[in-house]
>>> print(open('work07.pdb').read())   # PDB, C-alpha atoms and all ligand atoms
ATOM      1  CA  MET A   1       0.000   0.000   0.000  1.00  0.00           C
ATOM      2  CA  TYR A   2       1.383   3.386  -1.029  1.00  0.00           C
ATOM      3  CA  ILE A   3      -0.193   6.502   0.436  1.00  0.00           C
ATOM      4  CA  ILE A   4       0.765  10.133  -0.132  1.00  0.00           C
ATOM      5  CA  PHE A   5       0.154  12.803   2.480  1.00  0.00           C
ATOM      6  CA  LEU A   6      -0.511  16.117   0.795  1.00  0.00           C
ATOM      7  CA  GLY A   7      -0.986  19.513   2.393  1.00  0.00           C
ATOM      8  CA  ALA A   8       0.616  22.885   3.058  1.00  0.00           C
ATOM      9  CA  PRO A   9       3.613  23.274   5.366  1.00  0.00           C
ATOM     10  CA  GLY A  10       2.159  23.155   8.876  1.00  0.00           C
ATOM     11  CA  ALA A  11      -0.921  21.148   7.879  1.00  0.00           C
ATOM     12  CA  GLY A  12       0.224  18.330  10.140  1.00  0.00           C
ATOM     13  CA  LYS A  13       1.497  15.943   7.483  1.00  0.00           C
ATOM     14  CA  GLY A  14       4.524  14.844   9.476  1.00  0.00           C
ATOM     15  CA  THR A  15       2.678  14.168  12.724  1.00  0.00           C
ATOM     16  CA  GLN A  16      -0.193  12.355  11.055  1.00  0.00           C
ATOM     17  CA  ALA A  17       1.958  10.432   8.579  1.00  0.00           C
ATOM     18  CA  SER A  18       4.097   9.119  11.419  1.00  0.00           C
ATOM     19  CA  ASP A  19       1.049   8.012  13.478  1.00  0.00           C
ATOM     20  CA  VAL A  20      -0.755   6.431  10.547  1.00  0.00           C
ATOM     21  CA  ALA A  21       2.414   4.647   9.405  1.00  0.00           C
ATOM     22  CA  GLN A  22       2.685   3.060  12.836  1.00  0.00           C
ATOM     23  CA  GLU A  23      -0.977   2.095  12.895  1.00  0.00           C
ATOM     24  CA  LEU A  24      -0.880   0.530   9.415  1.00  0.00           C
ATOM     25  CA  ASN A  25       2.638  -0.852   9.750  1.00  0.00           C
ATOM     26  CA  LEU A  26       4.046   1.114   6.839  1.00  0.00           C
ATOM     27  CA  ILE A  27       7.365   2.906   6.456  1.00  0.00           C
ATOM     28  CA  HIS A  28       7.156   6.696   6.820  1.00  0.00           C
ATOM     29  CA  ILE A  29       9.263   8.562   4.261  1.00  0.00           C
ATOM     30  CA  ALA A  30       9.531  12.334   4.771  1.00  0.00           C
ATOM     31  CA  SER A  31      11.525  14.092   2.041  1.00  0.00           C
ATOM     32  CA  GLY A  32      12.310  17.045   4.330  1.00  0.00           C
ATOM     33  CA  ASP A  33      13.688  14.666   6.980  1.00  0.00           C
ATOM     34  CA  LEU A  34      15.836  12.918   4.362  1.00  0.00           C
ATOM     35  CA  PHE A  35      17.331  16.286   3.395  1.00  0.00           C
ATOM     36  CA  ARG A  36      17.899  17.337   7.009  1.00  0.00           C
ATOM     37  CA  GLN A  37      19.550  14.010   7.818  1.00  0.00           C
ATOM     38  CA  ALA A  38      21.808  14.313   4.787  1.00  0.00           C
ATOM     39  CA  LEU A  39      22.759  17.803   5.899  1.00  0.00           C
ATOM     40  CA  GLU A  40      23.488  16.694   9.445  1.00  0.00           C
ATOM     41  CA  GLN A  41      25.730  13.953   8.056  1.00  0.00           C
ATOM     42  CA  GLY A  42      27.421  16.503   5.809  1.00  0.00           C
ATOM     43  CA  THR A  43      26.826  14.545   2.601  1.00  0.00           C
ATOM     44  CA  GLU A  44      27.082  16.196  -0.799  1.00  0.00           C
ATOM     45  CA  LEU A  45      23.339  15.885  -1.275  1.00  0.00           C
ATOM     46  CA  GLY A  46      22.711  17.573   2.077  1.00  0.00           C
ATOM     47  CA  ILE A  47      25.020  20.452   1.281  1.00  0.00           C
ATOM     48  CA  LYS A  48      23.399  20.951  -2.128  1.00  0.00           C
ATOM     49  CA  ALA A  49      19.900  20.946  -0.604  1.00  0.00           C
ATOM     50  CA  GLU A  50      20.723  23.408   2.182  1.00  0.00           C
ATOM     51  CA  SER A  51      20.808  26.575   0.088  1.00  0.00           C
ATOM     52  CA  TYR A  52      17.330  25.853  -1.274  1.00  0.00           C
ATOM     53  CA  MET A  53      15.829  24.862   2.057  1.00  0.00           C
ATOM     54  CA  GLU A  54      17.072  27.972   3.793  1.00  0.00           C
ATOM     55  CA  ARG A  55      15.340  30.080   1.126  1.00  0.00           C
ATOM     56  CA  GLY A  56      12.092  28.135   1.396  1.00  0.00           C
ATOM     57  CA  VAL A  57      12.121  27.046  -2.250  1.00  0.00           C
ATOM     58  CA  LEU A  58      11.993  23.539  -3.651  1.00  0.00           C
ATOM     59  CA  VAL A  59      15.204  21.575  -3.977  1.00  0.00           C
ATOM     60  CA  PRO A  60      15.639  20.848  -7.728  1.00  0.00           C
ATOM     61  CA  ASP A  61      13.865  17.749  -9.046  1.00  0.00           C
ATOM     62  CA  GLN A  62      17.130  16.196 -10.253  1.00  0.00           C
ATOM     63  CA  ILE A  63      18.258  15.897  -6.645  1.00  0.00           C
ATOM     64  CA  THR A  64      14.926  15.221  -4.968  1.00  0.00           C
ATOM     65  CA  ILE A  65      13.406  12.603  -7.253  1.00  0.00           C
ATOM     66  CA  GLY A  66      16.467  10.342  -7.182  1.00  0.00           C
ATOM     67  CA  MET A  67      16.735  10.556  -3.397  1.00  0.00           C
ATOM     68  CA  VAL A  68      13.102   9.631  -2.741  1.00  0.00           C
ATOM     69  CA  LEU A  69      12.873   6.930  -5.417  1.00  0.00           C
ATOM     70  CA  GLU A  70      15.990   5.309  -4.026  1.00  0.00           C
ATOM     71  CA  ARG A  71      14.499   5.292  -0.529  1.00  0.00           C
ATOM     72  CA  ILE A  72      11.164   3.896  -1.677  1.00  0.00           C
ATOM     73  CA  SER A  73      12.800   1.046  -3.570  1.00  0.00           C
ATOM     74  CA  ALA A  74      14.700  -0.168  -0.483  1.00  0.00           C
ATOM     75  CA  PRO A  75      13.658  -3.661   0.737  1.00  0.00           C
ATOM     76  CA  ASP A  76      11.872  -2.347   3.863  1.00  0.00           C
ATOM     77  CA  CYS A  77       9.376  -0.483   1.647  1.00  0.00           C
ATOM     78  CA  GLU A  78       8.369  -3.651  -0.227  1.00  0.00           C
ATOM     79  CA  GLY A  79       5.084  -3.786   1.730  1.00  0.00           C
ATOM     80  CA  GLY A  80       4.321  -0.142   1.162  1.00  0.00           C
ATOM     81  CA  ALA A  81       5.077   3.314   2.448  1.00  0.00           C
ATOM     82  CA  ILE A  82       3.633   6.651   3.395  1.00  0.00           C
ATOM     83  CA  LEU A  83       5.148   9.551   1.492  1.00  0.00           C
ATOM     84  CA  ASP A  84       5.195  12.883   3.315  1.00  0.00           C
ATOM     85  CA  GLY A  85       6.425  15.997   1.495  1.00  0.00           C
ATOM     86  CA  PHE A  86       6.846  14.211  -1.821  1.00  0.00           C
ATOM     87  CA  PRO A  87       5.669  14.676  -4.529  1.00  0.00           C
ATOM     88  CA  ARG A  88       5.604  18.462  -4.340  1.00  0.00           C
ATOM     89  CA  ASN A  89       5.088  19.321  -8.017  1.00  0.00           C
ATOM     90  CA  LEU A  90       3.730  17.671 -11.166  1.00  0.00           C
ATOM     91  CA  GLU A  91       7.145  16.507 -12.403  1.00  0.00           C
ATOM     92  CA  GLN A  92       7.730  14.655  -9.143  1.00  0.00           C
ATOM     93  CA  ALA A  93       4.232  13.126  -9.242  1.00  0.00           C
ATOM     94  CA  GLU A  94       4.761  11.877 -12.791  1.00  0.00           C
ATOM     95  CA  ALA A  95       8.210  10.482 -11.986  1.00  0.00           C
ATOM     96  CA  LEU A  96       6.753   8.649  -8.997  1.00  0.00           C
ATOM     97  CA  ASP A  97       3.883   7.146 -11.012  1.00  0.00           C
ATOM     98  CA  LYS A  98       6.339   5.966 -13.631  1.00  0.00           C
ATOM     99  CA  ALA A  99       8.771   4.429 -11.149  1.00  0.00           C
ATOM    100  CA  LEU A 100       6.008   2.577  -9.301  1.00  0.00           C
ATOM    101  CA  ALA A 101       4.451   1.368 -12.570  1.00  0.00           C
ATOM    102  CA  GLN A 102       7.798  -0.164 -13.531  1.00  0.00           C
ATOM    103  CA  GLN A 103       7.506  -2.346 -10.426  1.00  0.00           C
ATOM    104  CA  SER A 104       3.807  -3.050 -11.156  1.00  0.00           C
ATOM    105  CA  LYS A 105       2.848  -0.856  -8.226  1.00  0.00           C
ATOM    106  CA  ALA A 106       0.779   2.305  -7.896  1.00  0.00           C
ATOM    107  CA  ILE A 107      -0.271   4.982  -5.436  1.00  0.00           C
ATOM    108  CA  ASP A 108      -3.403   3.772  -3.663  1.00  0.00           C
ATOM    109  CA  LYS A 109      -4.640   6.930  -1.977  1.00  0.00           C
ATOM    110  CA  VAL A 110      -3.704  10.537  -1.347  1.00  0.00           C
ATOM    111  CA  VAL A 111      -4.615  11.989   2.029  1.00  0.00           C
ATOM    112  CA  TYR A 112      -5.058  15.720   1.539  1.00  0.00           C
ATOM    113  CA  ILE A 113      -5.015  17.603   4.849  1.00  0.00           C
ATOM    114  CA  GLU A 114      -6.747  20.968   4.661  1.00  0.00           C
ATOM    115  CA  VAL A 115      -5.977  23.785   7.119  1.00  0.00           C
ATOM    116  CA  SER A 116      -6.657  27.565   6.885  1.00  0.00           C
ATOM    117  CA  GLU A 117      -3.700  29.857   6.197  1.00  0.00           C
ATOM    118  CA  GLU A 118      -4.152  31.647   9.523  1.00  0.00           C
ATOM    119  CA  GLU A 119      -3.843  28.362  11.402  1.00  0.00           C
ATOM    120  CA  LEU A 120      -0.808  27.310   9.294  1.00  0.00           C
ATOM    121  CA  LEU A 121       1.098  30.458  10.276  1.00  0.00           C
ATOM    122  CA  LYS A 122       0.298  29.945  13.953  1.00  0.00           C
ATOM    123  CA  ARG A 123       1.415  26.324  13.891  1.00  0.00           C
ATOM    124  CA  LEU A 124       4.678  26.875  12.029  1.00  0.00           C
ATOM    125  CA  SER A 125       5.866  29.765  14.152  1.00  0.00           C
ATOM    126  CA  GLY A 126       5.463  27.769  17.382  1.00  0.00           C
ATOM    127  CA  ARG A 127       7.002  24.554  16.117  1.00  0.00           C
ATOM    128  CA  TRP A 128       9.837  22.701  17.880  1.00  0.00           C
ATOM    129  CA  ILE A 129      11.274  19.452  16.544  1.00  0.00           C
ATOM    130  CA  CYS A 130      13.229  16.582  18.081  1.00  0.00           C
ATOM    131  CA  ARG A 131      16.751  16.507  16.732  1.00  0.00           C
ATOM    132  CA  GLN A 132      16.870  12.726  17.085  1.00  0.00           C
ATOM    133  CA  CYS A 133      13.502  11.311  16.007  1.00  0.00           C
ATOM    134  CA  GLN A 134      12.000  14.389  14.227  1.00  0.00           C
ATOM    135  CA  THR A 135       8.774  14.352  16.273  1.00  0.00           C
ATOM    136  CA  PRO A 136       7.227  17.831  16.078  1.00  0.00           C
ATOM    137  CA  TYR A 137       5.868  19.728  19.120  1.00  0.00           C
ATOM    138  CA  HIS A 138       4.108  23.062  19.467  1.00  0.00           C
ATOM    139  CA  ILE A 139       4.696  25.542  22.291  1.00  0.00           C
ATOM    140  CA  THR A 140       0.976  25.834  23.045  1.00  0.00           C
ATOM    141  CA  ASN A 141      -0.900  23.137  21.085  1.00  0.00           C
ATOM    142  CA  SER A 142       1.260  20.117  21.883  1.00  0.00           C
ATOM    143  CA  PRO A 143       4.077  21.002  24.298  1.00  0.00           C
ATOM    144  CA  PRO A 144       6.525  18.306  25.461  1.00  0.00           C
ATOM    145  CA  LYS A 145       6.162  17.064  29.064  1.00  0.00           C
ATOM    146  CA  VAL A 146       9.613  18.378  29.910  1.00  0.00           C
ATOM    147  CA  TRP A 147      10.591  21.658  28.279  1.00  0.00           C
ATOM    148  CA  GLY A 148      13.208  21.218  25.548  1.00  0.00           C
ATOM    149  CA  LYS A 149      13.111  17.396  25.631  1.00  0.00           C
ATOM    150  CA  CYS A 150      11.358  14.878  23.374  1.00  0.00           C
ATOM    151  CA  ASP A 151       8.651  12.769  25.101  1.00  0.00           C
ATOM    152  CA  LYS A 152       9.393   9.810  22.854  1.00  0.00           C
ATOM    153  CA  CYS A 153      13.181   9.570  22.922  1.00  0.00           C
ATOM    154  CA  GLY A 154      14.511  12.286  25.260  1.00  0.00           C
ATOM    155  CA  GLY A 155      16.233  14.020  22.336  1.00  0.00           C
ATOM    156  CA  GLU A 156      16.886  17.754  22.249  1.00  0.00           C
ATOM    157  CA  LEU A 157      14.165  19.962  20.725  1.00  0.00           C
ATOM    158  CA  TYR A 158      15.106  22.725  18.289  1.00  0.00           C
ATOM    159  CA  GLN A 159      13.419  25.217  15.970  1.00  0.00           C
ATOM    160  CA  ARG A 160      14.033  24.573  12.316  1.00  0.00           C
ATOM    161  CA  PRO A 161      16.134  27.362  10.793  1.00  0.00           C
ATOM    162  CA  ASP A 162      13.594  27.634   7.961  1.00  0.00           C
ATOM    163  CA  ASP A 163      10.687  28.256  10.355  1.00  0.00           C
ATOM    164  CA  THR A 164      11.124  32.049  10.272  1.00  0.00           C
ATOM    165  CA  VAL A 165       8.196  34.326   9.364  1.00  0.00           C
ATOM    166  CA  GLU A 166       9.736  35.335   6.044  1.00  0.00           C
ATOM    167  CA  ASN A 167      10.613  31.774   5.122  1.00  0.00           C
ATOM    168  CA  ILE A 168       7.207  30.450   6.152  1.00  0.00           C
ATOM    169  CA  ARG A 169       5.516  32.953   3.820  1.00  0.00           C
ATOM    170  CA  LYS A 170       7.767  31.852   0.974  1.00  0.00           C
ATOM    171  CA  ARG A 171       7.024  28.165   1.587  1.00  0.00           C
ATOM    172  CA  LEU A 172       3.270  28.824   1.618  1.00  0.00           C
ATOM    173  CA  GLU A 173       3.594  30.669  -1.688  1.00  0.00           C
ATOM    174  CA  VAL A 174       5.653  27.853  -3.224  1.00  0.00           C
ATOM    175  CA  TYR A 175       3.032  25.427  -1.965  1.00  0.00           C
ATOM    176  CA  SER A 176       0.124  27.234  -3.602  1.00  0.00           C
ATOM    177  CA  VAL A 177       1.922  27.671  -6.933  1.00  0.00           C
ATOM    178  CA  GLU A 178       3.757  24.343  -7.288  1.00  0.00           C
ATOM    179  CA  THR A 179       2.152  21.795  -4.984  1.00  0.00           C
ATOM    180  CA  ALA A 180      -1.556  22.712  -4.864  1.00  0.00           C
ATOM    181  CA  PRO A 181      -2.060  21.611  -8.531  1.00  0.00           C
ATOM    182  CA  LEU A 182      -1.478  18.046  -7.298  1.00  0.00           C
ATOM    183  CA  ILE A 183      -4.862  18.164  -5.542  1.00  0.00           C
ATOM    184  CA  ASP A 184      -6.478  18.191  -8.960  1.00  0.00           C
ATOM    185  CA  TYR A 185      -4.028  15.673 -10.397  1.00  0.00           C
ATOM    186  CA  TYR A 186      -5.037  13.034  -7.833  1.00  0.00           C
ATOM    187  CA  ALA A 187      -8.725  14.017  -7.695  1.00  0.00           C
ATOM    188  CA  ARG A 188      -8.991  13.299 -11.408  1.00  0.00           C
ATOM    189  CA  VAL A 189      -7.882   9.697 -10.928  1.00  0.00           C
ATOM    190  CA  ASP A 190     -10.187   9.404  -7.916  1.00  0.00           C
ATOM    191  CA  LYS A 191      -7.423   8.932  -5.355  1.00  0.00           C
ATOM    192  CA  LEU A 192      -7.964  12.007  -3.226  1.00  0.00           C
ATOM    193  CA  LEU A 193      -9.278  11.784   0.345  1.00  0.00           C
ATOM    194  CA  GLU A 194     -10.001  15.268   1.685  1.00  0.00           C
ATOM    195  CA  ILE A 195      -9.475  15.587   5.423  1.00  0.00           C
ATOM    196  CA  ASP A 196     -10.330  18.544   7.659  1.00  0.00           C
ATOM    197  CA  GLY A 197      -6.986  19.219   9.347  1.00  0.00           C
ATOM    198  CA  GLU A 198      -8.219  21.601  12.052  1.00  0.00           C
ATOM    199  CA  GLY A 199      -8.623  20.291  15.572  1.00  0.00           C
ATOM    200  CA  GLY A 200      -6.508  18.137  17.860  1.00  0.00           C
ATOM    201  CA  VAL A 201      -3.898  15.661  16.639  1.00  0.00           C
ATOM    202  CA  ASP A 202      -5.981  12.634  17.674  1.00  0.00           C
ATOM    203  CA  GLU A 203      -9.157  14.079  16.238  1.00  0.00           C
ATOM    204  CA  VAL A 204      -7.555  14.628  12.827  1.00  0.00           C
ATOM    205  CA  GLY A 205      -5.831  11.235  13.041  1.00  0.00           C
ATOM    206  CA  GLY A 206      -9.216   9.603  13.665  1.00  0.00           C
ATOM    207  CA  ARG A 207     -10.616  11.245  10.542  1.00  0.00           C
ATOM    208  CA  ILE A 208      -7.730   9.965   8.437  1.00  0.00           C
ATOM    209  CA  ILE A 209      -7.981   6.393   9.686  1.00  0.00           C
ATOM    210  CA  ALA A 210     -11.764   6.418   9.187  1.00  0.00           C
ATOM    211  CA  ALA A 211     -11.362   7.723   5.631  1.00  0.00           C
ATOM    212  CA  LEU A 212      -8.743   5.083   4.788  1.00  0.00           C
ATOM    213  CA  HIS A 213     -10.850   2.316   6.314  1.00  0.00           C
ATOM    214  CA  GLY A 214     -13.847   3.586   4.352  1.00  0.00           C
ATOM    215  CA  GLU A 215     -11.772   2.819   1.279  1.00  0.00           C
ATOM    216  CA  ARG A 216     -11.143  -0.700   2.617  1.00  0.00           C
ATOM    217  CA  LEU A 217      -7.500  -0.603   1.636  1.00  0.00           C
TER     218      LEU A 217
HETATM  219  P1  LIG B 301       7.463  21.869   5.344  1.00  0.00           P
HETATM  220  O1  LIG B 301       6.400  20.937   4.812  1.00  0.00           O
HETATM  221  O2  LIG B 301       7.144  22.403   6.691  1.00  0.00           O
HETATM  222  O3  LIG B 301       7.883  22.945   4.391  1.00  0.00           O
HETATM  223  P2  LIG B 301       9.541  19.844   4.894  1.00  0.00           P
HETATM  224  O4  LIG B 301      10.382  19.283   5.958  1.00  0.00           O
HETATM  225  O5  LIG B 301       8.610  18.921   4.181  1.00  0.00           O
HETATM  226  O6  LIG B 301       8.751  21.013   5.610  1.00  0.00           O
HETATM  227  O7  LIG B 301      10.461  20.560   3.789  1.00  0.00           O
HETATM  228  C1  LIG B 301      11.451  21.479   4.112  1.00  0.00           C
HETATM  229  C2  LIG B 301      12.184  21.949   2.854  1.00  0.00           C
HETATM  230  O8  LIG B 301      12.813  20.817   2.220  1.00  0.00           O
HETATM  231  C3  LIG B 301      11.305  22.536   1.767  1.00  0.00           C
HETATM  232  O9  LIG B 301      11.055  23.916   1.976  1.00  0.00           O
HETATM  233  C4  LIG B 301      12.146  22.270   0.518  1.00  0.00           C
HETATM  234  O10 LIG B 301      13.209  23.201   0.373  1.00  0.00           O
HETATM  235  C5  LIG B 301      12.774  20.921   0.801  1.00  0.00           C
HETATM  236  N1  LIG B 301      11.945  19.814   0.264  1.00  0.00           N
HETATM  237  C6  LIG B 301      11.290  18.868   0.983  1.00  0.00           C
HETATM  238  N2  LIG B 301      10.625  18.021   0.174  1.00  0.00           N
HETATM  239  C7  LIG B 301      10.848  18.434  -1.097  1.00  0.00           C
HETATM  240  C8  LIG B 301      10.430  17.997  -2.387  1.00  0.00           C
HETATM  241  N3  LIG B 301       9.618  16.939  -2.551  1.00  0.00           N
HETATM  242  N4  LIG B 301      10.885  18.671  -3.474  1.00  0.00           N
HETATM  243  C9  LIG B 301      11.689  19.715  -3.337  1.00  0.00           C
HETATM  244  N5  LIG B 301      12.109  20.211  -2.159  1.00  0.00           N
HETATM  245  C10 LIG B 301      11.697  19.581  -1.040  1.00  0.00           C
HETATM  246 ZN    ZN B 302      12.637  12.302  19.810  1.00  0.00          ZN
END
>>> encode(input="work07.pdb", output="structure tokens", more="lines below")
Ligand code: ADP
Ligand code: ZN
Amino acid sequence: MYIIFLGAPGAGKGTQASDVAQELNLIHIASGDLFRQALEQGTELGIKAESYMERGVLVPDQITIGMVLERISAPDCEGGAILDGFPRNLEQAEALDKALAQQSKAIDKVVYIEVSEEELLKRLSGRWICRQCQTPYHITNSPPKVWGKCDKCGGELYQRPDDTVENIRKRLEVYSVETAPLIDYYARVDKLLEIDGEGGVDEVGGRIIAALHGERL
């Protein structure tokens, strides 16, 4: 089973994708996490991606597509995966369809999480992330039990350098120009599940699971 999580930055893709992956026993692949890990390890790919990420623009397809397709074709993804943050434009979506088709596979469903722009800005500016396991927290909506420490693994929490007001605006603009057309792309092939992303983490998670079960995947 291959599921894409689609939505603006701050829509809750990462949180929900991680929970749903656990529930359905699928591998969670987050393109942004792959880039940040590469950067932390100082690889060439990480260094190349950094200049784009810090400006809030998309990393070029040549770099991104290869990285994600390589990850998704690893043996642990044989049974399926949840893609979070990829595809982010039509070229990426088409490359993904083609690569899966070559292995006689296909995307089953696309979970589109909808959140108002006002709420997105609030969420992104209060976001703290675990340096070790990437779990996101929010200073008011979902604070950690101990300030500065991850509930799950005890790792250090930090604010992403690209979560600045200016950068957030840029990412929302890039989303509406480059990524939002994918809503239509997947609706046309009847794969889109529209989910109301406002409300608590568990509430939204419940909606996603119910929608996926309704599809009897
Ligand atoms: P957010 O969804 O909050 O913007 P991500 O962690 O998904 O956060 O992405 C952070 C940055 O990583 C993006 O602004 C972009 O520069 C880069 N990136 C992530 N995924 C992709 C992708 N599929 N294509 C191009 N760039 C990407
Ligand atoms: Zn952690």
>>> atom_distance(input="work07.pdb", atom1="CA of Leu121 in chain A", atom2="CA of Ala93 in chain A")
26.3 Å
>>> atom_distance(input="work07.pdb", atom1="CA of Met1 in chain A", atom2="CA of Ala106 in chain A")
8.3 Å
>>> axis_aligned_box(input="work07.pdb", around="ligand LIG 301 (chain B)", padding_each_side="5 Å", output="AutoDock Vina command-line options")
--center_x 9.8 --center_y 20.4 --center_z 1.6 --size_x 16.8 --size_y 17.0 --size_z 20.2
>>> closest_atom_pairs(input="work07.pdb", of="chain A", to="ligand ZN 302 (chain B)", cutoff="7 Å", atoms="only C-alpha atoms and all ligand atoms", output="tab-separated table")
residue	atom	partner	partner_atom	distance
A:Cys130	CA	B:ZN302	ZN	4.7
A:Arg131	CA	B:ZN302	ZN	6.6
A:Gln132	CA	B:ZN302	ZN	5.1
A:Cys133	CA	B:ZN302	ZN	4.0
A:Gln134	CA	B:ZN302	ZN	6.0
A:Thr135	CA	B:ZN302	ZN	5.6
A:Cys150	CA	B:ZN302	ZN	4.6
A:Asp151	CA	B:ZN302	ZN	6.6
A:Lys152	CA	B:ZN302	ZN	5.1
A:Cys153	CA	B:ZN302	ZN	4.2
A:Gly154	CA	B:ZN302	ZN	5.8
A:Gly155	CA	B:ZN302	ZN	4.7
>>> closest_residue(input="work07.pdb", among="A:Gly214, A:Pro143, A:Gly200, A:Pro87", to="Leu6 in chain A", atoms="all atoms listed in the file")
A:Pro87
>>> closest_residue(input="work07.pdb", among="A:Ile27, A:Arg169, A:Asp97, A:Ile4", to="Asp76 in chain A", atoms="all atoms listed in the file")
A:Ile27
>>> residues_near_point(input="work07.pdb", point="(2.5, 26.0, 8.1)", cutoff="6 Å", atoms="only C-alpha atoms", output="PyMOL selection string")
chain A and resi 9-11+120-121+123-124
>>> resolve_selection(input="work07.pdb", expression="the PyMOL selection byres (((chain A and resi 66) around 12) and not hetatm)", output="list of chain:residue names")
A:Ser31, A:Leu34, A:Leu45, A:Val59, A:Pro60, A:Asp61, A:Gln62, A:Ile63, A:Thr64, A:Ile65, A:Met67, A:Val68, A:Leu69, A:Glu70, A:Arg71, A:Ile72, A:Ser73, A:Phe86, A:Pro87, A:Gln92, A:Ala95, A:Leu96, A:Ala99
>>> closest_residue(input="work07.pdb", among="A:Glu91, A:Glu178, A:Asp84, A:Glu156", to="Ala30 in chain A", atoms="only C-alpha atoms")
A:Asp84
>>> closest_residue(input="work07.pdb", among="A:Glu50, A:Asp184, A:Asp163, A:Glu203", to="Asn89 in chain A", atoms="only C-alpha atoms")
A:Asp184
>>> closest_residue(input="work07.pdb", among="A:Glu173, A:Glu78, A:Glu23, A:Glu119", to="Gly206 in chain A", atoms="all atoms listed in the file")
A:Glu23
>>> closest_residue(input="work07.pdb", among="A:Val57, A:Ala17, A:Ile82, A:Val189", to="Lys170 in chain A", atoms="only C-alpha atoms")
A:Val57
